[in-house]
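Q: The following block contains the structure, expressed as structure tokens.
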Amino acid sequence: MPTWTSPPQLVALAAFYAQAQAQPDAFSDAAFVDAVKAAHWPTNCWSYVEASFAIIAPACLLRPHLTAELIALPIDAMIAAGLDDAGQVIAIGLACATRDDPYVAPGEEGKRWLTQVWPGLEELVAAVFRGRLQEALAEDEE
């Protein structure tokens with residue numbers, strides 16, 4: 001699991017992930033998603049994307065059935081930053097796993113998910129991106 005030592009949100013999430021790994025049935029899916037969402041903090045869009053990938057990657061590895069819901073977090077930030085091409089999303093996630101000096105470093109499990117699983121999720125990523133982009137555009141029209 002990640003060995004994050006700051007900020008406090010990441011310290012708490014690292015402890016949560018350790019508990020979830022040791023006792024996979026101890027937390028409901030809702031509690032799991034809430035813990036992941038609570039670990040995010042305000043920052044600029046692209047730093048948020050990088051932090052979000054580091055935050056969600058272990059969760060997606062531990063609970064693959066939550067992947068569509070969790071990847072919406074960094075995708076929303078990409079859309080807020082102006083990205084309108086779903087074809088770039090996979091490459092952006094991969095870059096977060098391989099960057100030399102990341103804003104938030106993913107742990108080993110996170111790197112493994114981002115480099116091994118993430119690239120194979122093109123269809124899911126495209127579907128989530130399209131849905132989130134449509135929602136964002138609809139909100140802008142209101």
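Here's how to read the names in the structure tokens: chain A, B, ... by the order shown, residue numbers from 1 in each chain, ligand numbers from 1 in the order shown.
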Out of stretch 3-44 of chain A, which residues get helix (DSSP H, G or I) from DSSP, as a PyMOL selection string?

A: chain A and resi 8-22+29-38

Q: Those same residues, written as an mmCIF file, in the first residue's frame with N, CA, C and O atoms?

A:
```
data_model
loop_
_atom_site.group_PDB
_atom_site.id
_atom_site.type_symbol
_atom_site.label_atom_id
_atom_site.label_comp_id
_atom_site.auth_asym_id
_atom_site.auth_seq_id
_atom_site.Cartn_x
_atom_site.Cartn_y
_atom_site.Cartn_z
ATOM 1 N N PRO A 8 -2.653 15.045 5.461
ATOM 2 C CA PRO A 8 -3.402 14.140 6.343
ATOM 3 C C PRO A 8 -4.411 13.251 5.609
ATOM 4 O O PRO A 8 -4.634 12.111 6.008
ATOM 5 N N GLN A 9 -4.981 13.767 4.513
ATOM 6 C CA GLN A 9 -5.944 12.967 3.752
ATOM 7 C C GLN A 9 -5.298 11.687 3.218
ATOM 8 O O GLN A 9 -5.917 10.628 3.197
ATOM 9 N N LEU A 10 -4.051 11.806 2.764
ATOM 10 C CA LEU A 10 -3.364 10.640 2.212
ATOM 11 C C LEU A 10 -2.923 9.685 3.313
ATOM 12 O O LEU A 10 -2.916 8.474 3.121
ATOM 13 N N VAL A 11 -2.552 10.223 4.457
ATOM 14 C CA VAL A 11 -2.185 9.375 5.598
ATOM 15 C C VAL A 11 -3.390 8.519 5.985
ATOM 16 O O VAL A 11 -3.280 7.300 6.161
ATOM 17 N N ALA A 12 -4.550 9.161 6.089
ATOM 18 C CA ALA A 12 -5.776 8.441 6.447
ATOM 19 C C ALA A 12 -6.146 7.416 5.374
ATOM 20 O O ALA A 12 -6.547 6.293 5.692
ATOM 21 N N LEU A 13 -5.989 7.780 4.109
ATOM 22 C CA LEU A 13 -6.332 6.852 3.029
ATOM 23 C C LEU A 13 -5.380 5.660 2.992
ATOM 24 O O LEU A 13 -5.806 4.531 2.758
ATOM 25 N N ALA A 14 -4.102 5.897 3.229
ATOM 26 C CA ALA A 14 -3.142 4.786 3.261
ATOM 27 C C ALA A 14 -3.521 3.792 4.358
ATOM 28 O O ALA A 14 -3.474 2.573 4.147
ATOM 29 N N ALA A 15 -3.925 4.306 5.515
ATOM 30 C CA ALA A 15 -4.360 3.427 6.601
ATOM 31 C C ALA A 15 -5.633 2.679 6.209
ATOM 32 O O ALA A 15 -5.772 1.478 6.485
ATOM 33 N N PHE A 16 -6.546 3.376 5.549
ATOM 34 C CA PHE A 16 -7.782 2.740 5.094
ATOM 35 C C PHE A 16 -7.476 1.617 4.103
ATOM 36 O O PHE A 16 -8.020 0.517 4.204
ATOM 37 N N TYR A 17 -6.600 1.898 3.127
ATOM 38 C CA TYR A 17 -6.241 0.870 2.143
ATOM 39 C C TYR A 17 -5.607 -0.349 2.811
ATOM 40 O O TYR A 17 -5.866 -1.479 2.431
ATOM 41 N N ALA A 18 -4.764 -0.111 3.803
ATOM 42 C CA ALA A 18 -4.138 -1.229 4.519
ATOM 43 C C ALA A 18 -5.208 -2.083 5.203
ATOM 44 O O ALA A 18 -5.148 -3.322 5.148
ATOM 45 N N GLN A 19 -6.180 -1.431 5.817
ATOM 46 C CA GLN A 19 -7.272 -2.170 6.461
ATOM 47 C C GLN A 19 -8.109 -2.910 5.429
ATOM 48 O O GLN A 19 -8.488 -4.058 5.636
ATOM 49 N N ALA A 20 -8.402 -2.260 4.324
ATOM 50 C CA ALA A 20 -9.220 -2.877 3.278
ATOM 51 C C ALA A 20 -8.515 -4.055 2.636
ATOM 52 O O ALA A 20 -9.161 -5.037 2.247
ATOM 53 N N GLN A 21 -7.201 -3.971 2.532
ATOM 54 C CA GLN A 21 -6.441 -5.089 1.971
ATOM 55 C C GLN A 21 -6.413 -6.250 2.955
ATOM 56 O O GLN A 21 -6.566 -7.405 2.562
ATOM 57 N N ALA A 22 -6.256 -5.965 4.233
ATOM 58 C CA ALA A 22 -6.197 -7.010 5.248
ATOM 59 C C ALA A 22 -7.561 -7.644 5.497
ATOM 60 O O ALA A 22 -7.648 -8.841 5.793
ATOM 61 N N ASP A 29 -19.064 -0.939 -0.258
ATOM 62 C CA ASP A 29 -18.618 -0.178 -1.421
ATOM 63 C C ASP A 29 -18.823 1.316 -1.202
ATOM 64 O O ASP A 29 -17.976 2.126 -1.573
ATOM 65 N N ALA A 30 -19.916 1.691 -0.583
ATOM 66 C CA ALA A 30 -20.191 3.111 -0.334
ATOM 67 C C ALA A 30 -19.131 3.718 0.587
ATOM 68 O O ALA A 30 -18.642 4.818 0.335
ATOM 69 N N ALA A 31 -18.764 3.003 1.638
ATOM 70 C CA ALA A 31 -17.721 3.493 2.551
ATOM 71 C C ALA A 31 -16.391 3.583 1.823
ATOM 72 O O ALA A 31 -15.599 4.508 2.047
ATOM 73 N N PHE A 32 -16.138 2.633 0.940
ATOM 74 C CA PHE A 32 -14.901 2.609 0.166
ATOM 75 C C PHE A 32 -14.817 3.854 -0.724
ATOM 76 O O PHE A 32 -13.814 4.574 -0.719
ATOM 77 N N VAL A 33 -15.882 4.115 -1.472
ATOM 78 C CA VAL A 33 -15.906 5.282 -2.362
ATOM 79 C C VAL A 33 -15.811 6.576 -1.556
ATOM 80 O O VAL A 33 -15.086 7.500 -1.932
ATOM 81 N N ASP A 34 -16.508 6.648 -0.434
ATOM 82 C CA ASP A 34 -16.445 7.844 0.416
ATOM 83 C C ASP A 34 -15.025 8.107 0.904
ATOM 84 O O ASP A 34 -14.573 9.265 0.922
ATOM 85 N N ALA A 35 -14.309 7.061 1.300
ATOM 86 C CA ALA A 35 -12.925 7.224 1.773
ATOM 87 C C ALA A 35 -12.024 7.742 0.654
ATOM 88 O O ALA A 35 -11.176 8.608 0.871
ATOM 89 N N VAL A 36 -12.217 7.222 -0.555
ATOM 90 C CA VAL A 36 -11.409 7.667 -1.694
ATOM 91 C C VAL A 36 -11.716 9.127 -2.015
ATOM 92 O O VAL A 36 -10.805 9.937 -2.209
ATOM 93 N N LYS A 37 -12.985 9.479 -2.063
ATOM 94 C CA LYS A 37 -13.359 10.867 -2.377
ATOM 95 C C LYS A 37 -12.853 11.838 -1.313
ATOM 96 O O LYS A 37 -12.413 12.945 -1.636
ATOM 97 N N ALA A 38 -12.892 11.436 -0.052
ATOM 98 C CA ALA A 38 -12.454 12.304 1.045
ATOM 99 C C ALA A 38 -10.953 12.588 0.999
ATOM 100 O O ALA A 38 -10.485 13.560 1.598
#
```

Q: For each of A:Leu70, A:Leu83, A:Leu94, A:Ala136, take the minimum atom-to-atom distance to A:His40, counting only C-alpha atoms, then give the residue where this is smallest.

A: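 Nearest to A:His40: A:Leu70.
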
Q: One decimal, in Å: what's the spacing between atom CA of A:Ala86 and atom CA of A:Trp118?

A: 13.7 Å

Q: Please report the interatomic distance between atom CA of A:Glu109 and atom CA of A:Gly82 in Å with one decimal.

A: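 Between atom CA of A:Glu109 and atom CA of A:Gly82 the gap works out to 29.2 Å.
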
Q: Just the residues within 12 Å of A:Asp85, please, counting only C-alpha atoms, with nothing from its chain fewer than 2 positions along; format it as a PyMOL selection string.

A: chain A and resi 75+78-79+81-83+87-92+125-127+129-130+133

Q: Using only C-alpha atoms, find the one residue out of A:Ala26, A:Ala77, A:Ala57, A:Ile71 that sits nearest to A:Arg112.

A: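 Checking each candidate against A:Arg112, we get A:Ala57 as the closest.
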
Q: Give me, as JSON, numbers by chain, all polymer residues having an atom no more than 9 Å from A:Thr67, counting only C-alpha atoms and skipping those fewer than 4 positions away in the same chain.

A: {"A": [56, 57, 59, 60, 61, 63, 71, 72, 124]}

Q: Sorted by chain and rising residue number, which residues of stretch 74-123 of chain A lie within 9 Å of stretch 47-55 of chain A, and what are their closest atom pairs and distances in Å to one decimal, counting only C-alpha atoms, as a Markdown table?

A:
```
| residue | atom | partner | partner_atom | distance |
| --- | --- | --- | --- | --- |
| A:Pro74 | CA | A:Val49 | CA | 4.7 |
| A:Ile75 | CA | A:Val49 | CA | 7.5 |
| A:Asp76 | CA | A:Val49 | CA | 8.6 |
| A:Ala77 | CA | A:Val49 | CA | 6.0 |
| A:Met78 | CA | A:Val49 | CA | 6.7 |
| A:Ile92 | CA | A:Glu50 | CA | 8.6 |
| A:Gly93 | CA | A:Phe53 | CA | 6.6 |
| A:Ala95 | CA | A:Glu50 | CA | 8.8 |
| A:Cys96 | CA | A:Glu50 | CA | 5.6 |
| A:Ala97 | CA | A:Ala54 | CA | 7.8 |
| A:Pro102 | CA | A:Glu50 | CA | 7.4 |
| A:Tyr103 | CA | A:Ser47 | CA | 6.4 |
| A:Val104 | CA | A:Ala51 | CA | 5.0 |
| A:Ala105 | CA | A:Ala54 | CA | 6.2 |
| A:Pro106 | CA | A:Ala54 | CA | 4.2 |
| A:Gly107 | CA | A:Ala54 | CA | 7.3 |
| A:Gly110 | CA | A:Ala54 | CA | 6.2 |
| A:Lys111 | CA | A:Ala54 | CA | 8.0 |
| A:Leu114 | CA | A:Phe53 | CA | 8.0 |
```

Q: Kindly export the residues of the current selection with N, CA and C atoms, as a short mmCIF file (atom, residue, chain, number, x, y, z; two decimals), in the first residue's frame.

A:
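The resulting result_29.cif:
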```cif
data_model
loop_
_atom_site.label_atom_id
_atom_site.label_comp_id
_atom_site.auth_asym_id
_atom_site.auth_seq_id
_atom_site.Cartn_x
_atom_site.Cartn_y
_atom_site.Cartn_z
N PRO A 74 -10.69 11.77 -11.78
CA PRO A 74 -9.68 12.47 -12.58
C PRO A 74 -10.23 12.92 -13.94
N ILE A 75 -11.18 12.17 -14.49
CA ILE A 75 -11.75 12.57 -15.79
C ILE A 75 -12.49 13.90 -15.66
N ASP A 76 -13.24 14.09 -14.58
CA ASP A 76 -13.92 15.37 -14.38
C ASP A 76 -12.92 16.52 -14.35
N ALA A 77 -11.79 16.31 -13.70
CA ALA A 77 -10.77 17.37 -13.64
C ALA A 77 -10.16 17.63 -15.01
N MET A 78 -9.96 16.58 -15.79
CA MET A 78 -9.43 16.77 -17.15
C MET A 78 -10.40 17.59 -17.99
N ILE A 92 -2.57 10.15 -20.33
CA ILE A 92 -2.41 11.04 -19.18
C ILE A 92 -2.26 10.22 -17.90
N GLY A 93 -3.08 9.19 -17.74
CA GLY A 93 -2.96 8.32 -16.57
C GLY A 93 -1.63 7.60 -16.52
N ALA A 95 1.16 8.65 -17.81
CA ALA A 95 2.17 9.64 -17.47
C ALA A 95 2.23 9.88 -15.97
N CYS A 96 1.08 9.82 -15.31
CA CYS A 96 1.05 10.01 -13.86
C CYS A 96 1.79 8.89 -13.14
N ALA A 97 1.81 7.71 -13.73
CA ALA A 97 2.50 6.57 -13.12
C ALA A 97 3.99 6.57 -13.37
N PRO A 102 6.42 13.29 -9.40
CA PRO A 102 4.97 13.47 -9.40
C PRO A 102 4.48 14.37 -8.28
N TYR A 103 3.36 14.99 -8.51
CA TYR A 103 2.70 15.81 -7.48
C TYR A 103 2.34 14.91 -6.29
N VAL A 104 1.76 13.75 -6.59
CA VAL A 104 1.50 12.71 -5.59
C VAL A 104 1.94 11.40 -6.22
N ALA A 105 2.89 10.74 -5.60
CA ALA A 105 3.40 9.49 -6.15
C ALA A 105 2.44 8.35 -5.85
N PRO A 106 2.09 7.59 -6.87
CA PRO A 106 1.29 6.39 -6.60
C PRO A 106 2.18 5.35 -5.93
N GLY A 107 1.59 4.55 -5.06
CA GLY A 107 2.34 3.45 -4.46
C GLY A 107 2.61 2.38 -5.50
N GLY A 110 -0.52 1.08 -7.00
CA GLY A 110 -1.08 2.08 -7.91
C GLY A 110 -0.34 2.12 -9.23
N LYS A 111 0.98 2.07 -9.17
CA LYS A 111 1.77 2.05 -10.41
C LYS A 111 1.45 0.81 -11.22
N LEU A 114 -1.94 1.36 -12.85
CA LEU A 114 -1.86 2.36 -13.92
C LEU A 114 -1.08 1.87 -15.14
#
```
